[in-house]
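Peer 1: Quick one: structure below, then a few questions.
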Amino acid sequence: MNKLAWLILPLSFCCTFALQANETDTNKDDIEVKPKAEESLVDKRISEESATGDLPYVITPHKVNYILPVTYSKSPNMAPFEQQQEEQPFTLDNMEAKFQISFKFPLWHNVFGDNGHLFAAYTNQSYWQVYNKDISSPFRETNHEPEVFMVFTNDWQLGPLTNSFWGVGAVHQSNGQSGSLSRSWNRLYGMMVFDNGPFALEAKAWWRIPEDEKETPESPRGDDNPDITDYMGNIEFTGVYGLDEHRFTLMLRNYIQKPNYGAVEFTWSYPILGNLRVYTQYFNGYGESLIDYNVHNQRIGIGVSINDIL
């Protein structure tokens with residue numbers, strides 16, 4: 001098996017390392033790392049994933065896996081819950097927990113000779129009103145995101161940057177709700193990853209697969225959110241910078257479209273015990289979750305993660 005396939009920077013800039021045992025046997029000859037004057041964050045992750053990629057009981061992260069026990073949002077979005085409000089008035093807490101579980105697994109290595117690796121992945125992101133005892137601490141929103149993607153290793157140069165990967169994929173995202181709370185969309189996307197030393201950048205663009213209009217607002221069939229692209233856009237840039245063991249990331253989405261319904265997300269993490277990292281996150285904009293896709297939101301949170309983007 002080509003060990004490089006385990007890097008699979010899938011299309012959300014994953015390149016995250018597998019959860020690994022403390023001691024593993026690594027065959028150095030199998031690790032393919034492109035020569036550079038300075039080892040990049042991408043190369044480092046390749047080596048780390050190569051050490052555990054063939055172990056049968058290893059789970060390989062896709063996006064960042066984290067839990068933020070404490071997050072604060074100044075103005076929780078009550079609009080989707082108007083029907084419930086009529087039956088039994090309630091309020092949402094400004095404080096809630098947020099967590100994300102994300103993993104990937106290979107389907108087919110070296111589809112085209114010695115390149116082209118097909119993967120599947122799943123990401124779950126949840127918002128939990130854990131401190132809201134008045135309404136029995138419900139999960140306010142949970143987004144499910146399965147995807148299938150293929151990535152290709154590459155070594156094109158663009159100035160000081162190396163285009164290490166490019167890929168294509170298909171992704172479905174929904175919140176598993178019905179009626180007025182239902183949100184979903186399907187996309188095809190392409191991505192490229194560039195890196196140099198402690199810096200890496202992913203550029204990602206997508207096209208939404210059209211859906212039929214609803215016959216009536218209450219119909220279970222048809223598009224639940226026909227204007228979602230206006231707010232979620234069709235392009236996203238994610239940059240990561242490593243300073244010693246610190247990891248800083250910045251995501252910018254849809255800032256070239258007018259009217260500007262973009263989003264920015266900043267994170268910082270630092271290892272505190274083994275693979276455990278302190279993890280902080282700040283979000284400002286539209287589309288943090290599907291239920292809030294058309295509402296501006298600011299959120300700040302702190303917690304822990306078991307991996308970072310790189």
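Chain identifiers are assigned as A, B, and so on, following the order in which chains appear in the structure tokens; residues are numbered from 1 within each chain, and ligands are numbered from 1 in order of appearance.
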With a distance cut-off of 6 Å and only C-alpha atoms, select the neighbouring residues of region 200-211 of chain A, excluding the residue or stretch itself and same-chain residues fewer than 4 positions from it, and output the selection as a PDB file with C-alpha atoms, in the first residue's frame.
Peer 2:
ATOM      1  CA  ASN A 186     -25.462  18.399  -1.530  1.00  0.00           C
ATOM      2  CA  ARG A 187     -22.265  19.625  -3.153  1.00  0.00           C
ATOM      3  CA  LEU A 188     -19.489  18.671  -5.552  1.00  0.00           C
ATOM      4  CA  TYR A 189     -16.170  20.276  -4.733  1.00  0.00           C
ATOM      5  CA  GLY A 190     -12.547  20.630  -5.727  1.00  0.00           C
ATOM      6  CA  MET A 191      -9.571  21.601  -3.626  1.00  0.00           C
ATOM      7  CA  MET A 192      -5.844  22.329  -3.722  1.00  0.00           C
ATOM      8  CA  VAL A 193      -3.337  22.378  -0.861  1.00  0.00           C
ATOM      9  CA  PHE A 194      -0.186  24.494  -0.936  1.00  0.00           C
ATOM     10  CA  ASP A 195       2.564  24.436   1.672  1.00  0.00           C
ATOM     11  CA  ASP A 223     -35.505  22.163  -1.157  1.00  0.00           C
ATOM     12  CA  ASN A 234     -18.983  28.689  -3.004  1.00  0.00           C
ATOM     13  CA  ILE A 235     -15.365  29.285  -2.026  1.00  0.00           C
ATOM     14  CA  GLU A 236     -13.307  28.892   1.124  1.00  0.00           C
ATOM     15  CA  PHE A 237      -9.658  29.439   2.102  1.00  0.00           C
ATOM     16  CA  THR A 238      -8.073  27.860   5.173  1.00  0.00           C
ATOM     17  CA  GLY A 239      -4.560  28.719   6.279  1.00  0.00           C
ATOM     18  CA  VAL A 240      -2.510  27.136   9.065  1.00  0.00           C
TER      19      VAL A 240
END
Peer 1: List the neighbours of region 84-98 of chain A out to 9 Å using only C-alpha atoms; skip same-chain residues closer than 2 positions along the sequence, and give me the result as number ranges by chain.
Peer 2: A: 66-78, 80-82, 100, 125-132, 134-135, 140, 301
Peer 1: Go ahead and save the residues from that selection, with C-alpha atoms, as a PDB file, in the first residue's frame.
Peer 2:
ATOM      1  CA  TYR A  66     -12.675  18.602  19.622  1.00  0.00           C
ATOM      2  CA  ILE A  67     -15.020  19.378  22.482  1.00  0.00           C
ATOM      3  CA  LEU A  68     -15.636  22.922  23.677  1.00  0.00           C
ATOM      4  CA  PRO A  69     -17.446  22.558  27.016  1.00  0.00           C
ATOM      5  CA  VAL A  70     -17.890  26.328  27.211  1.00  0.00           C
ATOM      6  CA  THR A  71     -18.870  28.513  24.253  1.00  0.00           C
ATOM      7  CA  TYR A  72     -20.585  31.887  24.329  1.00  0.00           C
ATOM      8  CA  SER A  73     -22.846  33.389  21.684  1.00  0.00           C
ATOM      9  CA  LYS A  74     -24.312  36.839  22.300  1.00  0.00           C
ATOM     10  CA  SER A  75     -27.572  36.332  20.372  1.00  0.00           C
ATOM     11  CA  PRO A  76     -28.794  32.720  20.020  1.00  0.00           C
ATOM     12  CA  ASN A  77     -31.020  32.261  16.971  1.00  0.00           C
ATOM     13  CA  MET A  78     -34.605  31.709  18.178  1.00  0.00           C
ATOM     14  CA  PRO A  80     -36.366  28.444  13.760  1.00  0.00           C
ATOM     15  CA  PHE A  81     -38.143  27.522  16.981  1.00  0.00           C
ATOM     16  CA  GLU A  82     -41.174  29.807  16.648  1.00  0.00           C
ATOM     17  CA  GLN A 100     -17.046  17.738  16.552  1.00  0.00           C
ATOM     18  CA  GLN A 125     -20.887  18.660  14.670  1.00  0.00           C
ATOM     19  CA  SER A 126     -23.226  19.261  17.607  1.00  0.00           C
ATOM     20  CA  TYR A 127     -24.434  22.208  19.681  1.00  0.00           C
ATOM     21  CA  TRP A 128     -25.607  21.195  23.143  1.00  0.00           C
ATOM     22  CA  GLN A 129     -27.622  23.400  25.516  1.00  0.00           C
ATOM     23  CA  VAL A 130     -26.095  21.461  28.379  1.00  0.00           C
ATOM     24  CA  TYR A 131     -26.498  24.266  30.931  1.00  0.00           C
ATOM     25  CA  ASN A 132     -30.137  24.980  30.037  1.00  0.00           C
ATOM     26  CA  ASP A 134     -35.172  24.650  32.185  1.00  0.00           C
ATOM     27  CA  ILE A 135     -35.655  22.776  28.894  1.00  0.00           C
ATOM     28  CA  ARG A 140     -30.033  22.469  19.794  1.00  0.00           C
ATOM     29  CA  GLY A 301     -15.216  28.818  22.908  1.00  0.00           C
TER      30      GLY A 301
END
Peer 1: Run DSSP on the backbone of this structure and report the residues of region 48-186 of chain A it assigns to helix (DSSP H, G or I), as a PyMOL selection string.
Peer 2: chain A and resi 48-50+79-87+133-135+179-181
Peer 1: Which value, in Å to one decimal, gives the distance between CA of Ser174 (chain A) and CA of Thr142 (chain A)?
Peer 2: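 Interatomic distance here is 8.4 Å.
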Peer 1: Which residues are near region 245-262 of chain A? Cut-off 8 Å, only C-alpha atoms, ignore same chain within fewer than 3 positions. Put them as a PyMOL selection string.
Peer 2: chain A and resi 230-242+265-271+285-286+308+310
Peer 1: What does the structure give for the distance between CA of Lys63 (chain A) and CA of Thr280 (chain A), in Å to one decimal?
Peer 2: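 So the two atoms, CA of Lys63 (chain A) and CA of Thr280 (chain A), lie 15.2 Å apart.
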Peer 1: From region 114-239 of chain A, collect each residue whose DSSP state is strand (DSSP E) and return the set as a PyMOL selection string.
Peer 2: chain A and resi 117-128+139-158+161-174+184-196+199-208+235-239
Peer 1: Print the selection's residues with C-alpha atoms to a file, as a JSON list (two decimals), in the first residue's frame.
Peer 2:
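File selection36.json, as written:
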[["chain", "number", "residue", "atom", "x", "y", "z"],
["A", 117, "HIS", "CA", -6.72, 7.60, -3.59],
["A", 118, "LEU", "CA", -10.43, 7.17, -2.88],
["A", 119, "PHE", "CA", -11.68, 7.84, 0.66],
["A", 120, "ALA", "CA", -14.90, 8.13, 2.62],
["A", 121, "ALA", "CA", -15.37, 10.31, 5.68],
["A", 122, "TYR", "CA", -17.96, 11.34, 8.21],
["A", 123, "THR", "CA", -18.18, 14.47, 10.37],
["A", 124, "ASN", "CA", -20.65, 15.16, 13.17],
["A", 125, "GLN", "CA", -20.89, 18.66, 14.67],
["A", 126, "SER", "CA", -23.23, 19.26, 17.61],
["A", 127, "TYR", "CA", -24.43, 22.21, 19.68],
["A", 128, "TRP", "CA", -25.61, 21.19, 23.14],
["A", 139, "PHE", "CA", -29.10, 19.28, 21.63],
["A", 140, "ARG", "CA", -30.03, 22.47, 19.79],
["A", 141, "GLU", "CA", -28.50, 21.36, 16.49],
["A", 142, "THR", "CA", -26.53, 18.44, 15.09],
["A", 143, "ASN", "CA", -25.09, 18.45, 11.57],
["A", 144, "HIS", "CA", -24.20, 15.21, 9.78],
["A", 145, "GLU", "CA", -21.70, 15.36, 6.91],
["A", 146, "PRO", "CA", -20.77, 12.16, 5.03],
["A", 147, "GLU", "CA", -18.53, 12.55, 1.99],
["A", 148, "VAL", "CA", -16.59, 10.63, -0.63],
["A", 149, "PHE", "CA", -13.48, 12.12, -2.17],
["A", 150, "MET", "CA", -10.38, 11.35, -4.22],
["A", 151, "VAL", "CA", -7.03, 13.05, -3.73],
["A", 152, "PHE", "CA", -3.89, 13.16, -5.84],
["A", 153, "THR", "CA", -0.36, 13.86, -4.65],
["A", 154, "ASN", "CA", 1.47, 16.55, -6.57],
["A", 155, "ASP", "CA", 4.67, 18.63, -6.57],
["A", 156, "TRP", "CA", 3.86, 21.70, -8.66],
["A", 157, "GLN", "CA", 5.63, 24.88, -7.60],
["A", 158, "LEU", "CA", 3.83, 28.23, -7.30],
["A", 161, "LEU", "CA", 4.71, 27.27, -2.32],
["A", 162, "THR", "CA", 4.40, 23.62, -3.33],
["A", 163, "ASN", "CA", 1.01, 22.38, -4.54],
["A", 164, "SER", "CA", 1.18, 19.12, -2.58],
["A", 165, "PHE", "CA", -2.36, 17.86, -3.20],
["A", 166, "TRP", "CA", -5.42, 18.39, -5.28],
["A", 167, "GLY", "CA", -8.69, 16.53, -5.18],
["A", 168, "VAL", "CA", -12.39, 16.30, -5.89],
["A", 169, "GLY", "CA", -15.32, 15.02, -3.88],
["A", 170, "ALA", "CA", -19.03, 14.88, -3.15],
["A", 171, "VAL", "CA", -20.53, 15.80, 0.22],
["A", 172, "HIS", "CA", -23.98, 15.70, 1.78],
["A", 173, "GLN", "CA", -24.80, 17.78, 4.84],
["A", 174, "SER", "CA", -28.04, 17.76, 6.82],
["A", 184, "SER", "CA", -29.73, 20.05, 3.95],
["A", 185, "TRP", "CA", -27.68, 20.43, 0.79],
["A", 186, "ASN", "CA", -25.46, 18.40, -1.53],
["A", 187, "ARG", "CA", -22.26, 19.62, -3.15],
["A", 188, "LEU", "CA", -19.49, 18.67, -5.55],
["A", 189, "TYR", "CA", -16.17, 20.28, -4.73],
["A", 190, "GLY", "CA", -12.55, 20.63, -5.73],
["A", 191, "MET", "CA", -9.57, 21.60, -3.63],
["A", 192, "MET", "CA", -5.84, 22.33, -3.72],
["A", 193, "VAL", "CA", -3.34, 22.38, -0.86],
["A", 194, "PHE", "CA", -0.19, 24.49, -0.94],
["A", 195, "ASP", "CA", 2.56, 24.44, 1.67],
["A", 196, "ASN", "CA", 6.01, 25.71, 2.57],
["A", 199, "PHE", "CA", 2.71, 27.48, 6.50],
["A", 200, "ALA", "CA", 0.00, 25.65, 4.55],
["A", 201, "LEU", "CA", -3.04, 26.84, 2.63],
["A", 202, "GLU", "CA", -6.09, 25.08, 1.25],
["A", 203, "ALA", "CA", -8.27, 26.60, -1.47],
["A", 204, "LYS", "CA", -11.64, 24.92, -1.86],
["A", 205, "ALA", "CA", -14.56, 25.64, -4.20],
["A", 206, "TRP", "CA", -17.90, 23.89, -4.60],
["A", 207, "TRP", "CA", -21.07, 23.71, -6.67],
["A", 208, "ARG", "CA", -24.42, 22.96, -5.08],
["A", 235, "ILE", "CA", -15.36, 29.28, -2.03],
["A", 236, "GLU", "CA", -13.31, 28.89, 1.12],
["A", 237, "PHE", "CA", -9.66, 29.44, 2.10],
["A", 238, "THR", "CA", -8.07, 27.86, 5.17],
["A", 239, "GLY", "CA", -4.56, 28.72, 6.28]]
Peer 1: Between CA of Asn275 (chain A) and CA of Trp108 (chain A), what is the distance, to one decimal in Å?
Peer 2: 28.2 Å
Peer 1: Closest to Lys104 (chain A) among A:Ser180, A:Asn65, A:Ser305, A:Gln83, using only C-alpha atoms?
Peer 2: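 Nearest to Lys104 (chain A): A:Asn65.
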Peer 1: I'd like the contact shell of Asn225 (chain A) - 10 Å cut-off, only C-alpha atoms, skipping same-chain residues fewer than 3 positions apart - returned as a ChimeraX atom specification.
Peer 2: /A:182-185,211,213-214,222,228-229,290-291,293-294
Peer 1: Between A:His62, A:Asp292, A:Val111, A:Asn307, which has the minimum distance to Val278 (chain A) (counting only C-alpha atoms)?
Peer 2: A:Asn307
